[in-house]
file input.cif (mmCIF, N, CA and C atoms)
data_input
#
loop_
_atom_site.label_atom_id
_atom_site.label_comp_id
_atom_site.auth_asym_id
_atom_site.auth_seq_id
_atom_site.Cartn_x
_atom_site.Cartn_y
_atom_site.Cartn_z
N MET A 300 -217.73 17.17 94.11
CA MET A 300 -218.53 15.96 94.24
C MET A 300 -217.60 14.78 94.54
N ALA A 301 -217.97 13.96 95.45
CA ALA A 301 -217.16 12.83 95.86
C ALA A 301 -217.25 11.72 94.82
N GLU A 302 -216.12 11.04 94.65
CA GLU A 302 -216.04 9.93 93.70
C GLU A 302 -216.78 8.72 94.29
N THR A 303 -217.62 8.11 93.48
CA THR A 303 -218.37 6.95 93.99
C THR A 303 -217.47 5.72 93.97
N GLU A 304 -217.91 4.70 94.66
CA GLU A 304 -217.15 3.44 94.70
C GLU A 304 -217.04 2.84 93.31
N LEU A 305 -218.09 2.95 92.53
CA LEU A 305 -218.09 2.43 91.16
C LEU A 305 -217.06 3.19 90.31
N GLU A 306 -216.99 4.48 90.42
CA GLU A 306 -216.03 5.28 89.66
C GLU A 306 -214.59 4.93 90.05
N ARG A 307 -214.37 4.75 91.34
CA ARG A 307 -213.02 4.37 91.81
C ARG A 307 -212.64 2.99 91.25
N ALA A 308 -213.59 2.06 91.26
CA ALA A 308 -213.33 0.71 90.74
C ALA A 308 -213.05 0.77 89.25
N GLU A 309 -213.80 1.57 88.51
CA GLU A 309 -213.58 1.71 87.07
C GLU A 309 -212.20 2.33 86.79
N LYS A 310 -211.81 3.27 87.60
CA LYS A 310 -210.50 3.91 87.44
C LYS A 310 -209.38 2.89 87.70
N ARG A 311 -209.52 2.10 88.77
CA ARG A 311 -208.52 1.07 89.07
C ARG A 311 -208.46 0.03 87.96
N TYR A 312 -209.63 -0.32 87.43
CA TYR A 312 -209.69 -1.29 86.33
C TYR A 312 -208.96 -0.75 85.11
N ALA A 313 -209.20 0.50 84.75
CA ALA A 313 -208.54 1.10 83.59
C ALA A 313 -207.02 1.15 83.79
N GLN A 314 -206.59 1.47 85.01
CA GLN A 314 -205.16 1.51 85.30
C GLN A 314 -204.54 0.12 85.20
N ALA A 315 -205.21 -0.88 85.75
CA ALA A 315 -204.70 -2.25 85.68
C ALA A 315 -204.66 -2.73 84.24
N LYS A 316 -205.67 -2.38 83.46
CA LYS A 316 -205.70 -2.76 82.05
C LYS A 316 -204.53 -2.11 81.29
N ALA A 317 -204.24 -0.86 81.60
CA ALA A 317 -203.11 -0.17 80.95
C ALA A 317 -201.78 -0.81 81.35
N ARG A 318 -201.63 -1.19 82.63
CA ARG A 318 -200.40 -1.87 83.08
C ARG A 318 -200.24 -3.21 82.37
N LEU A 319 -201.34 -3.96 82.24
CA LEU A 319 -201.30 -5.24 81.56
C LEU A 319 -200.88 -5.06 80.10
N GLN A 320 -201.44 -4.07 79.42
CA GLN A 320 -201.09 -3.82 78.02
C GLN A 320 -199.61 -3.44 77.90
N ALA A 321 -199.12 -2.64 78.83
CA ALA A 321 -197.70 -2.25 78.80
C ALA A 321 -196.81 -3.47 78.99
N LEU A 322 -197.18 -4.38 79.88
CA LEU A 322 -196.42 -5.61 80.08
C LEU A 322 -196.43 -6.47 78.82
N LYS A 323 -197.59 -6.59 78.19
CA LYS A 323 -197.70 -7.36 76.95
C LYS A 323 -196.82 -6.75 75.86
N ASN A 324 -196.82 -5.44 75.77
CA ASN A 324 -195.99 -4.77 74.76
C ASN A 324 -194.51 -5.01 75.01
N ARG A 325 -194.09 -4.94 76.27
CA ARG A 325 -192.67 -5.19 76.59
C ARG A 325 -192.28 -6.62 76.26
N GLU A 326 -193.15 -7.58 76.56
CA GLU A 326 -192.86 -8.98 76.26
C GLU A 326 -192.78 -9.20 74.75
N SER A 327 -193.68 -8.58 74.02
CA SER A 327 -193.68 -8.70 72.56
C SER A 327 -192.38 -8.12 71.98
N THR A 328 -191.96 -6.99 72.48
CA THR A 328 -190.71 -6.38 72.04
C THR A 328 -189.52 -7.27 72.36
N ARG A 329 -189.52 -7.85 73.56
CA ARG A 329 -188.44 -8.74 73.96
C ARG A 329 -188.37 -9.96 73.03
N GLN A 330 -189.52 -10.53 72.71
CA GLN A 330 -189.56 -11.70 71.83
C GLN A 330 -189.07 -11.35 70.42
N ARG A 331 -189.48 -10.19 69.90
CA ARG A 331 -189.02 -9.77 68.57
C ARG A 331 -187.51 -9.58 68.55
N LYS A 332 -186.97 -8.97 69.59
CA LYS A 332 -185.51 -8.76 69.66
C LYS A 332 -184.77 -10.10 69.72
N LEU A 333 -185.30 -11.04 70.49
CA LEU A 333 -184.68 -12.35 70.59
C LEU A 333 -184.73 -13.08 69.25
N ASP A 334 -185.87 -12.98 68.57
CA ASP A 334 -186.03 -13.60 67.26
C ASP A 334 -185.03 -13.01 66.26
N THR A 335 -184.90 -11.70 66.26
CA THR A 335 -183.96 -11.03 65.36
C THR A 335 -182.53 -11.44 65.68
N ARG A 336 -182.18 -11.51 66.96
CA ARG A 336 -180.83 -11.93 67.36
C ARG A 336 -180.54 -13.34 66.86
N ARG A 337 -181.50 -14.24 67.02
CA ARG A 337 -181.30 -15.62 66.56
C ARG A 337 -181.08 -15.66 65.04
N LYS A 338 -181.87 -14.89 64.31
CA LYS A 338 -181.73 -14.86 62.85
C LYS A 338 -180.37 -14.33 62.43
N VAL A 339 -179.90 -13.30 63.08
CA VAL A 339 -178.60 -12.73 62.75
C VAL A 339 -177.49 -13.74 63.04
N ILE A 340 -177.56 -14.39 64.19
CA ILE A 340 -176.54 -15.36 64.56
C ILE A 340 -176.53 -16.53 63.58
N LEU A 341 -177.71 -17.09 63.28
CA LEU A 341 -177.77 -18.21 62.34
C LEU A 341 -177.35 -17.79 60.94
N GLY A 342 -177.76 -16.59 60.52
CA GLY A 342 -177.36 -16.10 59.20
C GLY A 342 -175.85 -15.97 59.10
N GLY A 343 -175.23 -15.43 60.12
CA GLY A 343 -173.77 -15.30 60.13
C GLY A 343 -173.09 -16.65 60.10
N ALA A 344 -173.62 -17.59 60.87
CA ALA A 344 -173.04 -18.93 60.89
C ALA A 344 -173.19 -19.61 59.52
N LEU A 345 -174.33 -19.43 58.89
CA LEU A 345 -174.55 -20.01 57.57
C LEU A 345 -173.62 -19.41 56.53
N LEU A 346 -173.46 -18.09 56.55
CA LEU A 346 -172.54 -17.45 55.61
C LEU A 346 -171.11 -17.91 55.84
N ASP A 347 -170.72 -18.03 57.09
CA ASP A 347 -169.37 -18.50 57.41
C ASP A 347 -169.18 -19.94 56.92
N LEU A 348 -170.14 -20.80 57.17
CA LEU A 348 -170.06 -22.18 56.72
C LEU A 348 -170.00 -22.25 55.19
N ALA A 349 -170.79 -21.43 54.51
CA ALA A 349 -170.83 -21.44 53.05
C ALA A 349 -169.49 -21.01 52.45
N GLU A 350 -168.73 -20.19 53.16
CA GLU A 350 -167.41 -19.78 52.68
C GLU A 350 -166.42 -20.94 52.76
N ARG A 351 -166.67 -21.88 53.66
CA ARG A 351 -165.74 -22.99 53.87
C ARG A 351 -166.20 -24.31 53.25
N ASP A 352 -167.48 -24.43 52.94
CA ASP A 352 -168.04 -25.70 52.49
C ASP A 352 -168.85 -25.48 51.21
N SER A 353 -168.43 -26.13 50.12
CA SER A 353 -169.11 -25.90 48.84
C SER A 353 -170.54 -26.42 48.85
N GLY A 354 -170.81 -27.47 49.61
CA GLY A 354 -172.18 -27.97 49.71
C GLY A 354 -173.10 -26.96 50.37
N ALA A 355 -172.62 -26.35 51.45
CA ALA A 355 -173.40 -25.32 52.13
C ALA A 355 -173.56 -24.10 51.24
N ALA A 356 -172.51 -23.78 50.47
CA ALA A 356 -172.58 -22.64 49.55
C ALA A 356 -173.63 -22.89 48.48
N ALA A 357 -173.72 -24.13 47.98
CA ALA A 357 -174.72 -24.45 46.96
C ALA A 357 -176.14 -24.32 47.53
N ILE A 358 -176.31 -24.77 48.76
CA ILE A 358 -177.62 -24.65 49.40
C ILE A 358 -177.97 -23.17 49.60
N LEU A 359 -177.01 -22.40 50.06
CA LEU A 359 -177.24 -20.98 50.28
C LEU A 359 -177.56 -20.27 48.96
N ASP A 360 -176.84 -20.61 47.90
CA ASP A 360 -177.12 -20.03 46.59
C ASP A 360 -178.55 -20.35 46.16
N ARG A 361 -178.97 -21.58 46.38
CA ARG A 361 -180.33 -21.98 46.01
C ARG A 361 -181.36 -21.21 46.84
N LEU A 362 -181.10 -21.05 48.13
CA LEU A 362 -182.01 -20.29 48.98
C LEU A 362 -182.13 -18.84 48.48
N ILE A 363 -180.99 -18.25 48.15
CA ILE A 363 -180.99 -16.87 47.67
C ILE A 363 -181.77 -16.75 46.37
N ARG A 364 -181.53 -17.67 45.43
CA ARG A 364 -182.23 -17.62 44.14
C ARG A 364 -183.74 -17.75 44.32
N ASN A 365 -184.17 -18.45 45.36
CA ASN A 365 -185.60 -18.68 45.56
C ASN A 365 -186.26 -17.70 46.52
N LEU A 366 -185.55 -16.65 46.91
CA LEU A 366 -186.19 -15.63 47.72
C LEU A 366 -187.30 -14.98 46.90
N PRO A 367 -188.49 -14.84 47.45
CA PRO A 367 -189.60 -14.33 46.65
C PRO A 367 -189.51 -12.84 46.31
N ARG A 368 -188.86 -12.05 47.13
CA ARG A 368 -188.81 -10.61 46.88
C ARG A 368 -187.50 -10.21 46.23
N GLU A 369 -187.61 -9.47 45.15
CA GLU A 369 -186.45 -9.01 44.40
C GLU A 369 -185.51 -8.19 45.29
N GLN A 370 -186.05 -7.33 46.13
CA GLN A 370 -185.20 -6.49 46.98
C GLN A 370 -184.39 -7.35 47.96
N ASP A 371 -184.92 -8.49 48.37
CA ASP A 371 -184.17 -9.38 49.24
C ASP A 371 -183.03 -10.05 48.46
N ARG A 372 -183.31 -10.45 47.23
CA ARG A 372 -182.25 -11.06 46.40
C ARG A 372 -181.15 -10.05 46.11
N LYS A 373 -181.50 -8.80 45.92
CA LYS A 373 -180.50 -7.76 45.63
C LYS A 373 -179.51 -7.61 46.79
N ALA A 374 -179.95 -7.88 48.00
CA ALA A 374 -179.05 -7.76 49.16
C ALA A 374 -177.90 -8.76 49.06
N PHE A 375 -178.08 -9.82 48.27
CA PHE A 375 -177.06 -10.85 48.11
C PHE A 375 -176.42 -10.82 46.73
N ALA A 376 -176.62 -9.75 45.98
CA ALA A 376 -176.15 -9.68 44.59
C ALA A 376 -174.65 -9.93 44.47
N ASP A 377 -173.87 -9.43 45.40
CA ASP A 377 -172.41 -9.61 45.30
C ASP A 377 -171.88 -10.68 46.24
N TRP A 378 -172.75 -11.41 46.89
CA TRP A 378 -172.29 -12.41 47.85
C TRP A 378 -171.43 -13.48 47.19
N GLY A 379 -171.86 -14.03 46.07
CA GLY A 379 -171.15 -15.12 45.42
C GLY A 379 -169.77 -14.74 44.94
N THR A 380 -169.57 -13.47 44.56
CA THR A 380 -168.27 -13.07 44.02
C THR A 380 -167.33 -12.57 45.10
N SER A 381 -167.86 -11.95 46.14
CA SER A 381 -166.96 -11.35 47.13
C SER A 381 -166.50 -12.31 48.21
N SER A 382 -167.24 -13.39 48.44
CA SER A 382 -166.88 -14.25 49.57
C SER A 382 -166.19 -15.53 49.16
N GLY A 383 -166.02 -15.71 47.87
CA GLY A 383 -165.33 -16.91 47.44
C GLY A 383 -166.24 -18.10 47.29
N SER A 384 -167.55 -17.90 47.40
CA SER A 384 -168.47 -19.02 47.24
C SER A 384 -168.71 -19.27 45.77
N PRO A 385 -169.26 -20.41 45.43
CA PRO A 385 -169.58 -20.66 44.02
C PRO A 385 -170.57 -19.64 43.50
N SER A 386 -170.57 -19.47 42.19
CA SER A 386 -171.53 -18.52 41.61
C SER A 386 -172.93 -19.07 41.80
N SER A 387 -173.92 -18.24 41.51
CA SER A 387 -175.29 -18.67 41.75
C SER A 387 -175.81 -19.59 40.65
N THR A 388 -175.00 -19.90 39.65
CA THR A 388 -175.45 -20.84 38.64
C THR A 388 -175.24 -22.25 39.15
N PRO A 389 -176.20 -23.14 38.93
CA PRO A 389 -176.07 -24.50 39.45
C PRO A 389 -174.94 -25.24 38.76
N SER A 390 -174.26 -26.07 39.52
CA SER A 390 -173.17 -26.87 38.96
C SER A 390 -173.59 -28.32 38.95
N SER A 391 -172.80 -29.15 38.29
CA SER A 391 -173.14 -30.56 38.22
C SER A 391 -172.98 -31.24 39.58
N SER A 392 -172.28 -30.59 40.52
CA SER A 392 -172.12 -31.19 41.84
C SER A 392 -173.25 -30.80 42.77
N ASP A 393 -174.16 -29.91 42.33
CA ASP A 393 -175.29 -29.51 43.13
C ASP A 393 -176.32 -30.63 43.14
N PRO A 394 -176.58 -31.25 44.29
CA PRO A 394 -177.49 -32.39 44.32
C PRO A 394 -178.91 -32.01 43.93
N GLU A 395 -179.28 -30.74 44.04
CA GLU A 395 -180.62 -30.33 43.71
C GLU A 395 -180.84 -30.24 42.21
N THR A 396 -179.77 -30.16 41.41
CA THR A 396 -179.94 -29.97 39.98
C THR A 396 -179.69 -31.24 39.19
N THR A 397 -179.18 -32.27 39.84
CA THR A 397 -178.93 -33.52 39.12
C THR A 397 -180.20 -34.34 39.05
N SER A 398 -180.33 -35.18 38.01
CA SER A 398 -181.55 -35.98 37.92
C SER A 398 -181.30 -37.42 38.22
#

call {"tool": "encode", "arguments": {"input": "input.cif", "output": "structure tokens"}}
result
Amino acid sequence: MAETELERAEKRYAQAKARLQALKNRESTRQRKLDTRRKVILGGALLDLAERDSGAAAILDRLIRNLPREQDRKAFADWGTSSGSPSSTPSSSDPETTS
């Protein structure tokens, strides 16, 4: 049986829809990879700065203490001792803890 014009149009439509979805998926993947790359770069820069600057280290310590998920805080459990940054306890020089 010969394919009708309507069937051919529906087939082309389905193919175009699949191509569009594939393009959307590739763009979404590209955006996620770019976002992850930016986070890694900024995270590395922040850690590097915190090793050299006590003010940045205090801010980073505060950020770590305020992470909502315990498993995320555990990832930084040894950061304060191994990198030479201040401990995670607030000091009198921490502007966030002074009144």

call {"tool": "select_by_dssp", "arguments": {"input": "input.cif", "residues": "segment 313-390 of chain A", "states": "helix (DSSP H, G or I)", "output": "PyMOL selection string"}}
result
chain A and resi 313-351+353-364+369-373+378-381

call {"tool": "atom_distance", "arguments": {"input": "input.cif", "atom1": "atom CA of Phe375 of chain A", "atom2": "atom C of Ile363 of chain A"}}
result
7.7 Å

call {"tool": "atom_distance", "arguments": {"input": "input.cif", "atom1": "atom C of Ala376 of chain A", "atom2": "atom CA of Leu333 of chain A"}}
result
28.1 Å

call {"tool": "atom_distance", "arguments": {"input": "input.cif", "atom1": "atom CA of Asp377 of chain A", "atom2": "atom N of Lys338 of chain A"}}
result
21.9 Å

call {"tool": "decode", "arguments": {"input": "input.cif", "residues": "segment 359-381 of chain A", "atoms": "N, CA, C and O atoms", "output": "PDB file, in the first residue's frame"}}
result
ATOM      1  N   LEU A 359      35.441  31.539  53.822  1.00  0.00           N
ATOM      2  CA  LEU A 359      35.303  30.167  53.345  1.00  0.00           C
ATOM      3  C   LEU A 359      34.908  29.231  54.487  1.00  0.00           C
ATOM      4  O   LEU A 359      34.040  28.372  54.323  1.00  0.00           O
ATOM      5  N   ASP A 360      35.516  29.410  55.654  1.00  0.00           N
ATOM      6  CA  ASP A 360      35.154  28.595  56.811  1.00  0.00           C
ATOM      7  C   ASP A 360      33.674  28.785  57.146  1.00  0.00           C
ATOM      8  O   ASP A 360      32.969  27.823  57.450  1.00  0.00           O
ATOM      9  N   ARG A 361      33.216  30.018  57.101  1.00  0.00           N
ATOM     10  CA  ARG A 361      31.804  30.294  57.405  1.00  0.00           C
ATOM     11  C   ARG A 361      30.895  29.643  56.364  1.00  0.00           C
ATOM     12  O   ARG A 361      29.859  29.063  56.692  1.00  0.00           O
ATOM     13  N   LEU A 362      31.273  29.728  55.100  1.00  0.00           N
ATOM     14  CA  LEU A 362      30.482  29.088  54.048  1.00  0.00           C
ATOM     15  C   LEU A 362      30.397  27.577  54.280  1.00  0.00           C
ATOM     16  O   LEU A 362      29.327  26.983  54.149  1.00  0.00           O
ATOM     17  N   ILE A 363      31.527  26.977  54.612  1.00  0.00           N
ATOM     18  CA  ILE A 363      31.560  25.532  54.839  1.00  0.00           C
ATOM     19  C   ILE A 363      30.677  25.157  56.026  1.00  0.00           C
ATOM     20  O   ILE A 363      29.900  24.200  55.965  1.00  0.00           O
ATOM     21  N   ARG A 364      30.789  25.909  57.120  1.00  0.00           N
ATOM     22  CA  ARG A 364      29.978  25.616  58.314  1.00  0.00           C
ATOM     23  C   ARG A 364      28.483  25.719  58.019  1.00  0.00           C
ATOM     24  O   ARG A 364      27.675  25.044  58.646  1.00  0.00           O
ATOM     25  N   ASN A 365      28.111  26.569  57.078  1.00  0.00           N
ATOM     26  CA  ASN A 365      26.702  26.786  56.780  1.00  0.00           C
ATOM     27  C   ASN A 365      26.171  25.955  55.615  1.00  0.00           C
ATOM     28  O   ASN A 365      25.030  26.170  55.192  1.00  0.00           O
ATOM     29  N   LEU A 366      26.972  25.022  55.120  1.00  0.00           N
ATOM     30  CA  LEU A 366      26.460  24.131  54.089  1.00  0.00           C
ATOM     31  C   LEU A 366      25.316  23.308  54.681  1.00  0.00           C
ATOM     32  O   LEU A 366      25.448  22.755  55.768  1.00  0.00           O
ATOM     33  N   PRO A 367      24.192  23.226  54.000  1.00  0.00           N
ATOM     34  CA  PRO A 367      23.039  22.548  54.592  1.00  0.00           C
ATOM     35  C   PRO A 367      23.177  21.022  54.684  1.00  0.00           C
ATOM     36  O   PRO A 367      22.597  20.412  55.569  1.00  0.00           O
ATOM     37  N   ARG A 368      23.939  20.416  53.805  1.00  0.00           N
ATOM     38  CA  ARG A 368      24.036  18.951  53.805  1.00  0.00           C
ATOM     39  C   ARG A 368      25.306  18.490  54.503  1.00  0.00           C
ATOM     40  O   ARG A 368      26.414  18.942  54.191  1.00  0.00           O
ATOM     41  N   GLU A 369      25.143  17.573  55.421  1.00  0.00           N
ATOM     42  CA  GLU A 369      26.257  17.027  56.193  1.00  0.00           C
ATOM     43  C   GLU A 369      27.310  16.418  55.269  1.00  0.00           C
ATOM     44  O   GLU A 369      28.511  16.604  55.466  1.00  0.00           O
ATOM     45  N   GLN A 370      26.890  15.695  54.249  1.00  0.00           N
ATOM     46  CA  GLN A 370      27.852  15.052  53.346  1.00  0.00           C
ATOM     47  C   GLN A 370      28.701  16.092  52.613  1.00  0.00           C
ATOM     48  O   GLN A 370      29.867  15.832  52.291  1.00  0.00           O
ATOM     49  N   ASP A 371      28.148  17.269  52.352  1.00  0.00           N
ATOM     50  CA  ASP A 371      28.929  18.328  51.723  1.00  0.00           C
ATOM     51  C   ASP A 371      29.958  18.885  52.706  1.00  0.00           C
ATOM     52  O   ASP A 371      31.097  19.153  52.333  1.00  0.00           O
ATOM     53  N   ARG A 372      29.552  19.061  53.960  1.00  0.00           N
ATOM     54  CA  ARG A 372      30.500  19.551  54.977  1.00  0.00           C
ATOM     55  C   ARG A 372      31.626  18.546  55.194  1.00  0.00           C
ATOM     56  O   ARG A 372      32.774  18.935  55.400  1.00  0.00           O
ATOM     57  N   LYS A 373      31.321  17.270  55.132  1.00  0.00           N
ATOM     58  CA  LYS A 373      32.347  16.238  55.333  1.00  0.00           C
ATOM     59  C   LYS A 373      33.443  16.322  54.269  1.00  0.00           C
ATOM     60  O   LYS A 373      34.593  15.987  54.534  1.00  0.00           O
ATOM     61  N   ALA A 374      33.100  16.788  53.082  1.00  0.00           N
ATOM     62  CA  ALA A 374      34.096  16.907  52.014  1.00  0.00           C
ATOM     63  C   ALA A 374      35.182  17.911  52.393  1.00  0.00           C
ATOM     64  O   ALA A 374      36.299  17.852  51.874  1.00  0.00           O
ATOM     65  N   PHE A 375      34.876  18.810  53.328  1.00  0.00           N
ATOM     66  CA  PHE A 375      35.825  19.834  53.758  1.00  0.00           C
ATOM     67  C   PHE A 375      36.342  19.584  55.166  1.00  0.00           C
ATOM     68  O   PHE A 375      36.953  20.464  55.771  1.00  0.00           O
ATOM     69  N   ALA A 376      36.134  18.393  55.703  1.00  0.00           N
ATOM     70  CA  ALA A 376      36.482  18.101  57.096  1.00  0.00           C
ATOM     71  C   ALA A 376      37.952  18.376  57.400  1.00  0.00           C
ATOM     72  O   ALA A 376      38.276  18.888  58.469  1.00  0.00           O
ATOM     73  N   ASP A 377      38.836  18.080  56.483  1.00  0.00           N
ATOM     74  CA  ASP A 377      40.268  18.288  56.750  1.00  0.00           C
ATOM     75  C   ASP A 377      40.819  19.528  56.060  1.00  0.00           C
ATOM     76  O   ASP A 377      42.016  19.769  56.092  1.00  0.00           O
ATOM     77  N   TRP A 378      39.973  20.332  55.462  1.00  0.00           N
ATOM     78  CA  TRP A 378      40.470  21.500  54.731  1.00  0.00           C
ATOM     79  C   TRP A 378      41.209  22.468  55.644  1.00  0.00           C
ATOM     80  O   TRP A 378      42.292  22.913  55.331  1.00  0.00           O
ATOM     81  N   GLY A 379      40.651  22.797  56.793  1.00  0.00           N
ATOM     82  CA  GLY A 379      41.246  23.780  57.689  1.00  0.00           C
ATOM     83  C   GLY A 379      42.596  23.369  58.229  1.00  0.00           C
ATOM     84  O   GLY A 379      43.464  24.195  58.451  1.00  0.00           O
ATOM     85  N   THR A 380      42.833  22.062  58.404  1.00  0.00           N
ATOM     86  CA  THR A 380      44.091  21.622  58.984  1.00  0.00           C
ATOM     87  C   THR A 380      45.156  21.353  57.931  1.00  0.00           C
ATOM     88  O   THR A 380      46.323  21.585  58.167  1.00  0.00           O
ATOM     89  N   SER A 381      44.749  20.907  56.750  1.00  0.00           N
ATOM     90  CA  SER A 381      45.760  20.520  55.767  1.00  0.00           C
ATOM     91  C   SER A 381      46.257  21.671  54.914  1.00  0.00           C
ATOM     92  O   SER A 381      47.325  21.607  54.341  1.00  0.00           O
TER      93      SER A 381
END
